[in-house]
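What follows is the content of final_36.pdb (PDB, C-alpha atoms, pLDDT in the B column).
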MODEL        1
ATOM      1  CA  MET A   1      77.917  -3.793  31.381  1.00 51.00           C
ATOM      2  CA  THR A   2      77.118  -3.263  27.703  1.00 68.00           C
ATOM      3  CA  SER A   3      78.577   0.242  27.779  1.00 84.00           C
ATOM      4  CA  LEU A   4      81.739  -1.029  29.442  1.00 89.00           C
ATOM      5  CA  THR A   5      82.171  -3.666  26.725  1.00 93.00           C
ATOM      6  CA  LYS A   6      81.694  -1.100  23.942  1.00 95.00           C
ATOM      7  CA  ASP A   7      84.182   1.223  25.601  1.00 95.00           C
ATOM      8  CA  ALA A   8      86.695  -1.617  25.952  1.00 96.00           C
ATOM      9  CA  ILE A   9      86.329  -2.450  22.254  1.00 97.00           C
ATOM     10  CA  LYS A  10      86.857   1.196  21.264  1.00 96.00           C
ATOM     11  CA  LYS A  11      89.909   1.558  23.507  1.00 96.00           C
ATOM     12  CA  SER A  12      91.450  -1.656  22.220  1.00 97.00           C
ATOM     13  CA  PHE A  13      90.874  -0.617  18.626  1.00 97.00           C
ATOM     14  CA  MET A  14      92.413   2.839  19.175  1.00 95.00           C
ATOM     15  CA  LYS A  15      95.400   1.260  20.921  1.00 95.00           C
ATOM     16  CA  LEU A  16      95.926  -1.080  17.967  1.00 96.00           C
ATOM     17  CA  LEU A  17      95.277   1.701  15.456  1.00 95.00           C
ATOM     18  CA  ASN A  18      97.993   3.831  16.991  1.00 93.00           C
ATOM     19  CA  ARG A  19     100.381   0.972  16.183  1.00 95.00           C
ATOM     20  CA  LYS A  20      99.209  -0.398  12.848  1.00 94.00           C
ATOM     21  CA  GLN A  21      97.127   0.312   9.752  1.00 94.00           C
ATOM     22  CA  VAL A  22      93.384  -0.316   9.704  1.00 94.00           C
ATOM     23  CA  SER A  23      93.740  -3.092   7.117  1.00 94.00           C
ATOM     24  CA  LYS A  24      96.132  -4.947   9.426  1.00 95.00           C
ATOM     25  CA  ILE A  25      93.754  -4.944  12.427  1.00 97.00           C
ATOM     26  CA  THR A  26      91.411  -7.891  12.839  1.00 96.00           C
ATOM     27  CA  VAL A  27      88.360  -8.383  15.003  1.00 97.00           C
ATOM     28  CA  LYS A  28      90.245 -11.292  16.580  1.00 97.00           C
ATOM     29  CA  GLU A  29      93.030  -8.937  17.714  1.00 97.00           C
ATOM     30  CA  ILE A  30      90.549  -6.437  19.128  1.00 97.00           C
ATOM     31  CA  VAL A  31      88.619  -9.016  21.152  1.00 96.00           C
ATOM     32  CA  GLU A  32      91.805 -10.678  22.418  1.00 96.00           C
ATOM     33  CA  ASP A  33      93.163  -7.291  23.495  1.00 96.00           C
ATOM     34  CA  CYS A  34      90.072  -6.386  25.494  1.00 93.00           C
ATOM     35  CA  GLY A  35      89.334  -9.907  26.746  1.00 93.00           C
ATOM     36  CA  ILE A  36      85.923 -10.543  25.192  1.00 95.00           C
ATOM     37  CA  ASN A  37      84.619 -13.003  22.619  1.00 93.00           C
ATOM     38  CA  ARG A  38      83.854 -12.330  18.936  1.00 95.00           C
ATOM     39  CA  ASN A  39      80.104 -12.492  19.543  1.00 95.00           C
ATOM     40  CA  SER A  40      80.388  -9.570  21.944  1.00 94.00           C
ATOM     41  CA  PHE A  41      82.124  -7.511  19.271  1.00 96.00           C
ATOM     42  CA  TYR A  42      79.443  -8.333  16.685  1.00 96.00           C
ATOM     43  CA  TYR A  43      76.678  -7.635  19.195  1.00 95.00           C
ATOM     44  CA  HIS A  44      77.862  -4.010  19.300  1.00 96.00           C
ATOM     45  CA  PHE A  45      79.371  -3.457  15.834  1.00 96.00           C
ATOM     46  CA  ASP A  46      78.756  -4.836  12.354  1.00 96.00           C
ATOM     47  CA  ASP A  47      82.409  -4.534  11.388  1.00 96.00           C
ATOM     48  CA  ILE A  48      85.507  -2.389  11.876  1.00 96.00           C
ATOM     49  CA  PRO A  49      84.207   0.521   9.740  1.00 94.00           C
ATOM     50  CA  SER A  50      81.080   0.731  11.927  1.00 95.00           C
ATOM     51  CA  LEU A  51      83.392   0.811  14.965  1.00 96.00           C
ATOM     52  CA  ILE A  52      85.374   3.670  13.411  1.00 94.00           C
ATOM     53  CA  GLU A  53      82.166   5.534  12.627  1.00 92.00           C
ATOM     54  CA  GLU A  54      80.925   5.242  16.205  1.00 93.00           C
ATOM     55  CA  ILE A  55      84.271   6.420  17.586  1.00 93.00           C
ATOM     56  CA  PHE A  56      84.009   9.479  15.330  1.00 89.00           C
ATOM     57  CA  ASP A  57      80.366  10.068  16.321  1.00 89.00           C
ATOM     58  CA  ASP A  58      81.327   9.904  20.006  1.00 89.00           C
ATOM     59  CA  ARG A  59      84.145  12.358  19.387  1.00 85.00           C
ATOM     60  CA  VAL A  60      81.842  14.841  17.627  1.00 81.00           C
ATOM     61  CA  ASP A  61      79.368  14.689  20.525  1.00 82.00           C
ATOM     62  CA  GLU A  62      82.152  15.109  23.090  1.00 81.00           C
ATOM     63  CA  LEU A  63      83.583  18.024  21.160  1.00 76.00           C
ATOM     64  CA  MET A  64      80.266  19.836  20.950  1.00 72.00           C
ATOM     65  CA  ASN A  65      79.730  19.448  24.699  1.00 74.00           C
ATOM     66  CA  ARG A  66      83.212  20.830  25.435  1.00 68.00           C
ATOM     67  CA  GLN A  67      82.888  23.750  23.030  1.00 56.00           C
ATOM     68  CA  SER A  68      79.902  25.236  24.746  1.00 54.00           C
ATOM     69  CA  GLY A  69      82.222  27.570  26.652  1.00 54.00           C
ATOM     70  CA  SER A  70      84.697  28.543  23.919  1.00 56.00           C
ATOM     71  CA  GLU A  71      85.009  32.308  23.810  1.00 61.00           C
ATOM     72  CA  ASN A  72      86.957  32.619  20.566  1.00 66.00           C
ATOM     73  CA  ILE A  73      87.441  30.852  17.256  1.00 70.00           C
ATOM     74  CA  TYR A  74      91.019  29.859  18.140  1.00 72.00           C
ATOM     75  CA  ASN A  75      89.881  27.843  21.184  1.00 75.00           C
ATOM     76  CA  SER A  76      87.097  26.250  19.150  1.00 72.00           C
ATOM     77  CA  ILE A  77      89.553  25.190  16.431  1.00 76.00           C
ATOM     78  CA  ILE A  78      92.055  23.822  18.957  1.00 79.00           C
ATOM     79  CA  ASP A  79      89.275  21.784  20.606  1.00 76.00           C
ATOM     80  CA  ALA A  80      88.310  20.459  17.159  1.00 74.00           C
ATOM     81  CA  ILE A  81      91.816  19.263  16.254  1.00 80.00           C
ATOM     82  CA  ASP A  82      92.765  18.010  19.729  1.00 81.00           C
ATOM     83  CA  PHE A  83      91.708  14.400  19.031  1.00 80.00           C
ATOM     84  CA  ALA A  84      93.785  14.287  15.834  1.00 81.00           C
ATOM     85  CA  MET A  85      96.821  15.722  17.631  1.00 83.00           C
ATOM     86  CA  GLN A  86      96.549  13.158  20.427  1.00 85.00           C
ATOM     87  CA  ASN A  87      96.095  10.284  17.974  1.00 87.00           C
ATOM     88  CA  LYS A  88      98.315  11.296  15.055  1.00 87.00           C
ATOM     89  CA  THR A  89      99.244   7.802  13.941  1.00 90.00           C
ATOM     90  CA  ALA A  90      95.689   6.508  14.250  1.00 91.00           C
ATOM     91  CA  MET A  91      94.318   9.437  12.240  1.00 89.00           C
ATOM     92  CA  MET A  92      96.897   8.888   9.510  1.00 91.00           C
ATOM     93  CA  HIS A  93      96.015   5.192   9.417  1.00 92.00           C
ATOM     94  CA  ILE A  94      92.300   5.939   9.000  1.00 91.00           C
ATOM     95  CA  ARG A  95      92.951   8.722   6.482  1.00 90.00           C
ATOM     96  CA  ASP A  96      95.114   6.390   4.390  1.00 91.00           C
ATOM     97  CA  SER A  97      92.712   3.435   4.579  1.00 91.00           C
ATOM     98  CA  ALA A  98      89.682   2.169   2.704  1.00 90.00           C
ATOM     99  CA  SER A  99      87.695   3.975   5.430  1.00 87.00           C
ATOM    100  CA  ARG A 100      88.927   7.375   4.215  1.00 90.00           C
ATOM    101  CA  ASP A 101      85.326   8.451   3.553  1.00 92.00           C
ATOM    102  CA  LEU A 102      84.587   8.076   7.291  1.00 88.00           C
ATOM    103  CA  PHE A 103      87.545  10.302   8.096  1.00 88.00           C
ATOM    104  CA  ASP A 104      86.450  12.909   5.522  1.00 91.00           C
ATOM    105  CA  ARG A 105      82.865  12.930   6.842  1.00 90.00           C
ATOM    106  CA  TYR A 106      84.152  13.242  10.413  1.00 87.00           C
ATOM    107  CA  LEU A 107      86.443  16.133   9.538  1.00 88.00           C
ATOM    108  CA  ASN A 108      83.653  17.878   7.635  1.00 90.00           C
ATOM    109  CA  ARG A 109      81.149  17.433  10.502  1.00 87.00           C
ATOM    110  CA  VAL A 110      83.609  18.643  13.132  1.00 85.00           C
ATOM    111  CA  ALA A 111      84.593  21.680  11.079  1.00 86.00           C
ATOM    112  CA  GLU A 112      81.010  22.633  10.223  1.00 87.00           C
ATOM    113  CA  ARG A 113      79.702  22.231  13.754  1.00 83.00           C
ATOM    114  CA  THR A 114      82.712  24.004  15.244  1.00 80.00           C
ATOM    115  CA  VAL A 115      82.259  27.038  13.027  1.00 83.00           C
ATOM    116  CA  SER A 116      78.432  27.073  13.120  1.00 83.00           C
ATOM    117  CA  GLU A 117      78.186  26.778  16.878  1.00 79.00           C
ATOM    118  CA  PHE A 118      80.930  29.316  17.458  1.00 77.00           C
ATOM    119  CA  PHE A 119      79.175  31.725  15.086  1.00 78.00           C
ATOM    120  CA  ASP A 120      75.798  31.248  16.787  1.00 77.00           C
ATOM    121  CA  LYS A 121      77.266  31.751  20.271  1.00 76.00           C
ATOM    122  CA  SER A 122      79.701  34.566  19.648  1.00 72.00           C
ATOM    123  CA  VAL A 123      77.977  36.840  17.140  1.00 74.00           C
ATOM    124  CA  PRO A 124      75.613  39.032  19.189  1.00 71.00           C
ATOM    125  CA  ASP A 125      73.000  39.476  16.464  1.00 72.00           C
ATOM    126  CA  ALA A 126      73.548  36.231  14.549  1.00 70.00           C
ATOM    127  CA  LYS A 127      69.813  35.622  14.289  1.00 74.00           C
ATOM    128  CA  THR A 128      69.315  38.817  12.284  1.00 79.00           C
ATOM    129  CA  ILE A 129      71.964  37.990   9.688  1.00 83.00           C
ATOM    130  CA  ASP A 130      70.681  36.783   6.338  1.00 85.00           C
ATOM    131  CA  ALA A 131      70.745  32.959   6.222  1.00 84.00           C
ATOM    132  CA  GLY A 132      72.659  32.969   2.923  1.00 89.00           C
ATOM    133  CA  ASP A 133      75.332  35.273   4.360  1.00 88.00           C
ATOM    134  CA  LYS A 134      75.675  33.110   7.463  1.00 85.00           C
ATOM    135  CA  GLU A 135      75.962  29.984   5.325  1.00 88.00           C
ATOM    136  CA  ALA A 136      78.682  31.605   3.191  1.00 90.00           C
ATOM    137  CA  ILE A 137      80.691  32.620   6.274  1.00 87.00           C
ATOM    138  CA  VAL A 138      80.359  29.136   7.802  1.00 87.00           C
ATOM    139  CA  ILE A 139      81.444  27.469   4.530  1.00 92.00           C
ATOM    140  CA  TYR A 140      84.427  29.813   4.283  1.00 90.00           C
ATOM    141  CA  TYR A 141      85.734  29.120   7.798  1.00 86.00           C
ATOM    142  CA  LYS A 142      84.855  25.412   7.609  1.00 89.00           C
ATOM    143  CA  SER A 143      86.876  25.108   4.408  1.00 91.00           C
ATOM    144  CA  LEU A 144      89.816  26.893   6.020  1.00 87.00           C
ATOM    145  CA  LEU A 145      89.761  24.555   9.012  1.00 85.00           C
ATOM    146  CA  ILE A 146      89.544  21.451   6.808  1.00 89.00           C
ATOM    147  CA  GLY A 147      92.340  22.820   4.641  1.00 90.00           C
ATOM    148  CA  PHE A 148      94.582  23.410   7.688  1.00 86.00           C
ATOM    149  CA  VAL A 149      94.085  19.847   8.899  1.00 88.00           C
ATOM    150  CA  GLU A 150      94.434  18.289   5.429  1.00 90.00           C
ATOM    151  CA  GLU A 151      97.655  20.207   4.726  1.00 91.00           C
ATOM    152  CA  TRP A 152      99.068  19.264   8.133  1.00 90.00           C
ATOM    153  CA  MET A 153      98.257  15.594   7.603  1.00 89.00           C
ATOM    154  CA  ALA A 154      99.562  15.587   4.009  1.00 90.00           C
ATOM    155  CA  ASP A 155     102.840  16.955   5.392  1.00 90.00           C
ATOM    156  CA  GLY A 156     102.995  14.038   7.841  1.00 87.00           C
ATOM    157  CA  MET A 157     101.895  16.112  10.864  1.00 87.00           C
ATOM    158  CA  LYS A 158     105.476  17.328  11.208  1.00 87.00           C
ATOM    159  CA  TYR A 159     104.878  20.911  12.275  1.00 87.00           C
ATOM    160  CA  ASP A 160     103.094  22.347  15.281  1.00 87.00           C
ATOM    161  CA  LEU A 161      99.573  22.923  13.986  1.00 86.00           C
ATOM    162  CA  VAL A 162      98.470  24.732  17.145  1.00 85.00           C
ATOM    163  CA  THR A 163     101.190  27.376  16.746  1.00 89.00           C
ATOM    164  CA  LYS A 164     100.368  27.835  13.049  1.00 87.00           C
ATOM    165  CA  ILE A 165      96.650  28.240  13.728  1.00 85.00           C
ATOM    166  CA  GLU A 166      97.320  30.615  16.607  1.00 85.00           C
ATOM    167  CA  ARG A 167      99.438  32.806  14.331  1.00 88.00           C
ATOM    168  CA  LEU A 168      96.890  32.689  11.507  1.00 85.00           C
ATOM    169  CA  CYS A 169      94.151  33.736  13.930  1.00 82.00           C
ATOM    170  CA  GLU A 170      96.332  36.673  14.996  1.00 86.00           C
ATOM    171  CA  LEU A 171      97.063  37.673  11.389  1.00 89.00           C
ATOM    172  CA  PHE A 172      93.426  37.558  10.333  1.00 86.00           C
ATOM    173  CA  GLU A 173      91.899  38.949  13.523  1.00 83.00           C
ATOM    174  CA  GLY A 174      89.076  41.323  12.685  1.00 84.00           C
ATOM    175  CA  THR A 175      88.259  39.847   9.289  1.00 84.00           C
ATOM    176  CA  THR A 176      85.127  38.143  10.623  1.00 80.00           C
ATOM    177  CA  GLU A 177      83.905  41.473  11.964  1.00 80.00           C
ATOM    178  CA  ILE A 178      84.492  43.064   8.553  1.00 85.00           C
ATOM    179  CA  ALA A 179      82.499  40.282   6.870  1.00 83.00           C
ATOM    180  CA  LEU A 180      79.721  40.604   9.436  1.00 81.00           C
ATOM    181  CA  SER A 181      79.520  44.357   8.871  1.00 82.00           C
ATOM    182  CA  ARG A 182      78.837  43.629   5.204  1.00 85.00           C
ATOM    183  CA  CYS A 183      76.080  41.089   5.904  1.00 84.00           C
ATOM    184  CA  GLU A 184      72.524  41.837   5.023  1.00 70.00           C
ATOM    185  CA  ARG A 185      70.249  42.100   8.007  1.00 66.00           C
ATOM    186  CA  SER A 186      66.867  40.470   7.835  1.00 58.00           C
ATOM    187  CA  GLU A 187      63.832  42.105   9.354  1.00 52.00           C
ATOM    188  CA  LYS A 188      62.856  40.068  12.394  1.00 49.00           C
TER
ENDMDL
END
Would you give me this structure, written as structure tokens?
Amino acid sequence: MTSLTKDAIKKSFMKLLNRKQVSKITVKEIVEDCGINRNSFYYHFDDIPSLIEEIFDDRVDELMNRQSGSENIYNSIIDAIDFAMQNKTAMMHIRDSASRDLFDRYLNRVAERTVSEFFDKSVPDAKTIDAGDKEAIVIYYKSLLIGFVEEWMADGMKYDLVTKIERLCELFEGTTEIALSRCERSEK
């Protein structure tokens, strides 16, 4: 029952967030929307920012479980931005709110885990690559992914991000292999 209540709170909040700014949403509205009392909300969450943080944490976990089968960086990136594309208004409301730091941390975590896990799964000899070289490659691609999403959001999410990323992946295909060929190999 507890899990069902938490899920109902999260769904109600996301529904409201897709219609209005974070600062305009109250706990009263959330509990009325999902048919529970205020005490039930506060049993599960300290406040609205803690609710946002848990929604983001859930999304990161879900994303990592889904990505286990991604065979290329394009699919991994599309999986990573899928939630933002499905909830454009909500993401803009969080990004433009006092909870911006939660959005930034979420975006950073998703980008880092997406790139790190893809790298570990798709590079045949990833374990022999120097840790500093791997870290540099992960930071590079993580920064690109964050930059894509930030630029898209700053532009009001007006263009088709999936098409842009697909084309960029085509244009830069092979660059990861070039970087990997230049990596130092550690003796294992």
key: Given only C-alpha atoms as the counted atoms, nearest of A:Asn108, A:Thr176, A:Asn75, A:Ser99 to Lys134 of chain A   = A:Thr176
Cut-off 8 Å: closest segment 37-85 of chain A/segment 7-28 of chain A atom pairs per residue, using only C-alpha atoms, as JSON lines:
{"residue": "A:Arg38", "atom": "CA", "partner": "A:Lys28", "partner_atom": "CA", "distance": 6.9}
{"residue": "A:Phe41", "atom": "CA", "partner": "A:Ile9", "partner_atom": "CA", "distance": 7.2}
{"residue": "A:Asp47", "atom": "CA", "partner": "A:Val27", "partner_atom": "CA", "distance": 8.0}
{"residue": "A:Ile48", "atom": "CA", "partner": "A:Val27", "partner_atom": "CA", "distance": 7.3}
{"residue": "A:Leu51", "atom": "CA", "partner": "A:Lys10", "partner_atom": "CA", "distance": 7.2}
{"residue": "A:Ile55", "atom": "CA", "partner": "A:Lys10", "partner_atom": "CA", "distance": 6.9}
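The two atoms in question, atom CA of Ser181 of chain A and atom CA of Lys121 of chain A, are spaced 17.1 Å apart.
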task = Could you tell me which of A:Ser3, A:Thr128, A:Thr114, A:Thr89 comes closest to Leu144 of chain A if we count all atoms listed in the file?
result = A:Thr114
query = Could you spell out the hits of the PyMOL selection byres ((chain A and resi 119) around 12) on the shown file, as a VMD selection string?
reply = chain A and resid 67 to 68 70 to 73 76 112 to 118 120 to 127 129 133 to 139 141 to 142 176 to 177 180
query = So, counting all atoms listed in the file, which residue among A:Leu145, A:Ile52, A:Ile178, A:Ile36 is closest to His93 of chain A?
reply =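 Of the candidates, the smallest distance to His93 of chain A is held by A:Ile52.
Take the candidates A:Cys183, A:Ile94, A:Ala111, A:Val149 and check each one against Lys164 of chain A using all atoms listed in the file; the shortest distance goes to A:Val149.
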ask   = So how many Å separate atom CA of Ile30 of chain A and atom CA of Leu4 of chain A, to one decimal?
value = 14.6 Å
Work out where the centre of an axis-aligned box around every listed atom of segment 51-58 of chain A lies and how long its edges are once 6 Å is added on each side; give both in Å to one decimal as lines of an AutoDock Vina configuration file.
center_x = 82.9
center_y = 5.4
center_z = 16.3
size_x = 17.0
size_y = 21.3
size_z = 19.4
message = Taking all atoms listed in the file into account, name the residue in A:Lys88, A:Tyr106, A:Asn37, A:Glu151 that is nearest to Arg59 of chain A.
response = A:Tyr106
inquiry  = Excluding Met153 of chain A and its own-chain neighbours fewer than 2 positions away, which residues fall within 9 Å of it when counting only C-alpha atoms? Please give them as a ChimeraX atom specification.
reply    = /A:88,91-92,95,148-151,155-158
ask   = What gap, in Å, lies between atom CA of Arg105 of chain A and atom CA of Pro49 of chain A?
value =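 Separating atom CA of Arg105 of chain A from atom CA of Pro49 of chain A is a distance of 12.8 Å.
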query = Using all atoms listed in the file, which of A:Asp33, A:Phe83, A:Gly132, A:Gly174 sits nearest Asp58 of chain A?
reply =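 Ranked by minimum distance to Asp58 of chain A, first place goes to A:Phe83.
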Please fill the gaps in segment 139-165 of chain A so it has N, CA and C atoms, and write that as a PDB file, keeping the file's coordinate frame.
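Everything below was put into selection_23.pdb:
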ATOM      1  N   ILE A 139      80.737  28.258   5.544  1.00 92.00           N
ATOM      2  CA  ILE A 139      81.444  27.469   4.530  1.00 92.00           C
ATOM      3  C   ILE A 139      82.891  27.943   4.394  1.00 92.00           C
ATOM      4  N   TYR A 140      83.086  29.248   4.413  1.00 90.00           N
ATOM      5  CA  TYR A 140      84.427  29.813   4.283  1.00 90.00           C
ATOM      6  C   TYR A 140      85.341  29.326   5.418  1.00 90.00           C
ATOM      7  N   TYR A 141      84.900  29.510   6.662  1.00 86.00           N
ATOM      8  CA  TYR A 141      85.734  29.120   7.798  1.00 86.00           C
ATOM      9  C   TYR A 141      85.854  27.606   7.936  1.00 86.00           C
ATOM     10  N   LYS A 142      84.797  26.876   7.590  1.00 89.00           N
ATOM     11  CA  LYS A 142      84.855  25.412   7.609  1.00 89.00           C
ATOM     12  C   LYS A 142      85.907  24.925   6.617  1.00 89.00           C
ATOM     13  N   SER A 143      85.905  25.503   5.438  1.00 91.00           N
ATOM     14  CA  SER A 143      86.876  25.108   4.408  1.00 91.00           C
ATOM     15  C   SER A 143      88.302  25.424   4.840  1.00 91.00           C
ATOM     16  N   LEU A 144      88.488  26.558   5.509  1.00 87.00           N
ATOM     17  CA  LEU A 144      89.816  26.893   6.020  1.00 87.00           C
ATOM     18  C   LEU A 144      90.279  25.868   7.048  1.00 87.00           C
ATOM     19  N   LEU A 145      89.406  25.513   7.970  1.00 85.00           N
ATOM     20  CA  LEU A 145      89.761  24.555   9.012  1.00 85.00           C
ATOM     21  C   LEU A 145      90.094  23.198   8.401  1.00 85.00           C
ATOM     22  N   ILE A 146      89.271  22.727   7.471  1.00 89.00           N
ATOM     23  CA  ILE A 146      89.544  21.451   6.808  1.00 89.00           C
ATOM     24  C   ILE A 146      90.862  21.529   6.054  1.00 89.00           C
ATOM     25  N   GLY A 147      91.089  22.643   5.378  1.00 90.00           N
ATOM     26  CA  GLY A 147      92.340  22.820   4.641  1.00 90.00           C
ATOM     27  C   GLY A 147      93.557  22.789   5.549  1.00 90.00           C
ATOM     28  N   PHE A 148      93.473  23.438   6.729  1.00 86.00           N
ATOM     29  CA  PHE A 148      94.582  23.410   7.688  1.00 86.00           C
ATOM     30  C   PHE A 148      94.913  21.971   8.069  1.00 86.00           C
ATOM     31  N   VAL A 149      93.878  21.217   8.440  1.00 88.00           N
ATOM     32  CA  VAL A 149      94.085  19.847   8.899  1.00 88.00           C
ATOM     33  C   VAL A 149      94.592  18.961   7.763  1.00 88.00           C
ATOM     34  N   GLU A 150      93.996  19.094   6.580  1.00 90.00           N
ATOM     35  CA  GLU A 150      94.434  18.289   5.429  1.00 90.00           C
ATOM     36  C   GLU A 150      95.901  18.568   5.076  1.00 90.00           C
ATOM     37  N   GLU A 151      96.275  19.828   5.045  1.00 91.00           N
ATOM     38  CA  GLU A 151      97.655  20.207   4.726  1.00 91.00           C
ATOM     39  C   GLU A 151      98.620  19.644   5.770  1.00 91.00           C
ATOM     40  N   TRP A 152      98.253  19.770   7.032  1.00 90.00           N
ATOM     41  CA  TRP A 152      99.068  19.264   8.133  1.00 90.00           C
ATOM     42  C   TRP A 152      99.261  17.753   8.018  1.00 90.00           C
ATOM     43  N   MET A 153      98.171  17.044   7.722  1.00 89.00           N
ATOM     44  CA  MET A 153      98.257  15.594   7.603  1.00 89.00           C
ATOM     45  C   MET A 153      99.037  15.184   6.352  1.00 89.00           C
ATOM     46  N   ALA A 154      98.831  15.897   5.249  1.00 90.00           N
ATOM     47  CA  ALA A 154      99.562  15.587   4.009  1.00 90.00           C
ATOM     48  C   ALA A 154     101.064  15.779   4.203  1.00 90.00           C
ATOM     49  N   ASP A 155     101.424  16.697   5.093  1.00 90.00           N
ATOM     50  CA  ASP A 155     102.840  16.955   5.392  1.00 90.00           C
ATOM     51  C   ASP A 155     103.361  16.004   6.470  1.00 90.00           C
ATOM     52  N   GLY A 156     102.560  15.017   6.854  1.00 87.00           N
ATOM     53  CA  GLY A 156     102.995  14.038   7.841  1.00 87.00           C
ATOM     54  C   GLY A 156     102.891  14.515   9.275  1.00 87.00           C
ATOM     55  N   MET A 157     102.105  15.568   9.514  1.00 87.00           N
ATOM     56  CA  MET A 157     101.895  16.112  10.864  1.00 87.00           C
ATOM     57  C   MET A 157     103.216  16.505  11.519  1.00 87.00           C
ATOM     58  N   LYS A 158     104.127  17.029  10.722  1.00 87.00           N
ATOM     59  CA  LYS A 158     105.476  17.328  11.208  1.00 87.00           C
ATOM     60  C   LYS A 158     105.578  18.648  11.968  1.00 87.00           C
ATOM     61  N   TYR A 159     104.763  19.607  11.617  1.00 87.00           N
ATOM     62  CA  TYR A 159     104.878  20.911  12.275  1.00 87.00           C
ATOM     63  C   TYR A 159     103.815  21.079  13.351  1.00 87.00           C
ATOM     64  N   ASP A 160     103.997  22.077  14.174  1.00 87.00           N
ATOM     65  CA  ASP A 160     103.094  22.347  15.281  1.00 87.00           C
ATOM     66  C   ASP A 160     101.864  23.092  14.757  1.00 87.00           C
ATOM     67  N   LEU A 161     100.802  22.352  14.546  1.00 86.00           N
ATOM     68  CA  LEU A 161      99.573  22.923  13.986  1.00 86.00           C
ATOM     69  C   LEU A 161      98.967  23.984  14.901  1.00 86.00           C
ATOM     70  N   VAL A 162      99.039  23.773  16.192  1.00 85.00           N
ATOM     71  CA  VAL A 162      98.470  24.732  17.145  1.00 85.00           C
ATOM     72  C   VAL A 162      99.138  26.099  16.986  1.00 85.00           C
ATOM     73  N   THR A 163     100.459  26.116  16.905  1.00 89.00           N
ATOM     74  CA  THR A 163     101.190  27.376  16.746  1.00 89.00           C
ATOM     75  C   THR A 163     100.831  28.054  15.430  1.00 89.00           C
ATOM     76  N   LYS A 164     100.739  27.265  14.361  1.00 87.00           N
ATOM     77  CA  LYS A 164     100.368  27.835  13.049  1.00 87.00           C
ATOM     78  C   LYS A 164      98.978  28.448  13.091  1.00 87.00           C
ATOM     79  N   ILE A 165      98.023  27.731  13.668  1.00 85.00           N
ATOM     80  CA  ILE A 165      96.650  28.240  13.728  1.00 85.00           C
ATOM     81  C   ILE A 165      96.583  29.478  14.615  1.00 85.00           C
TER      82      ILE A 165
END
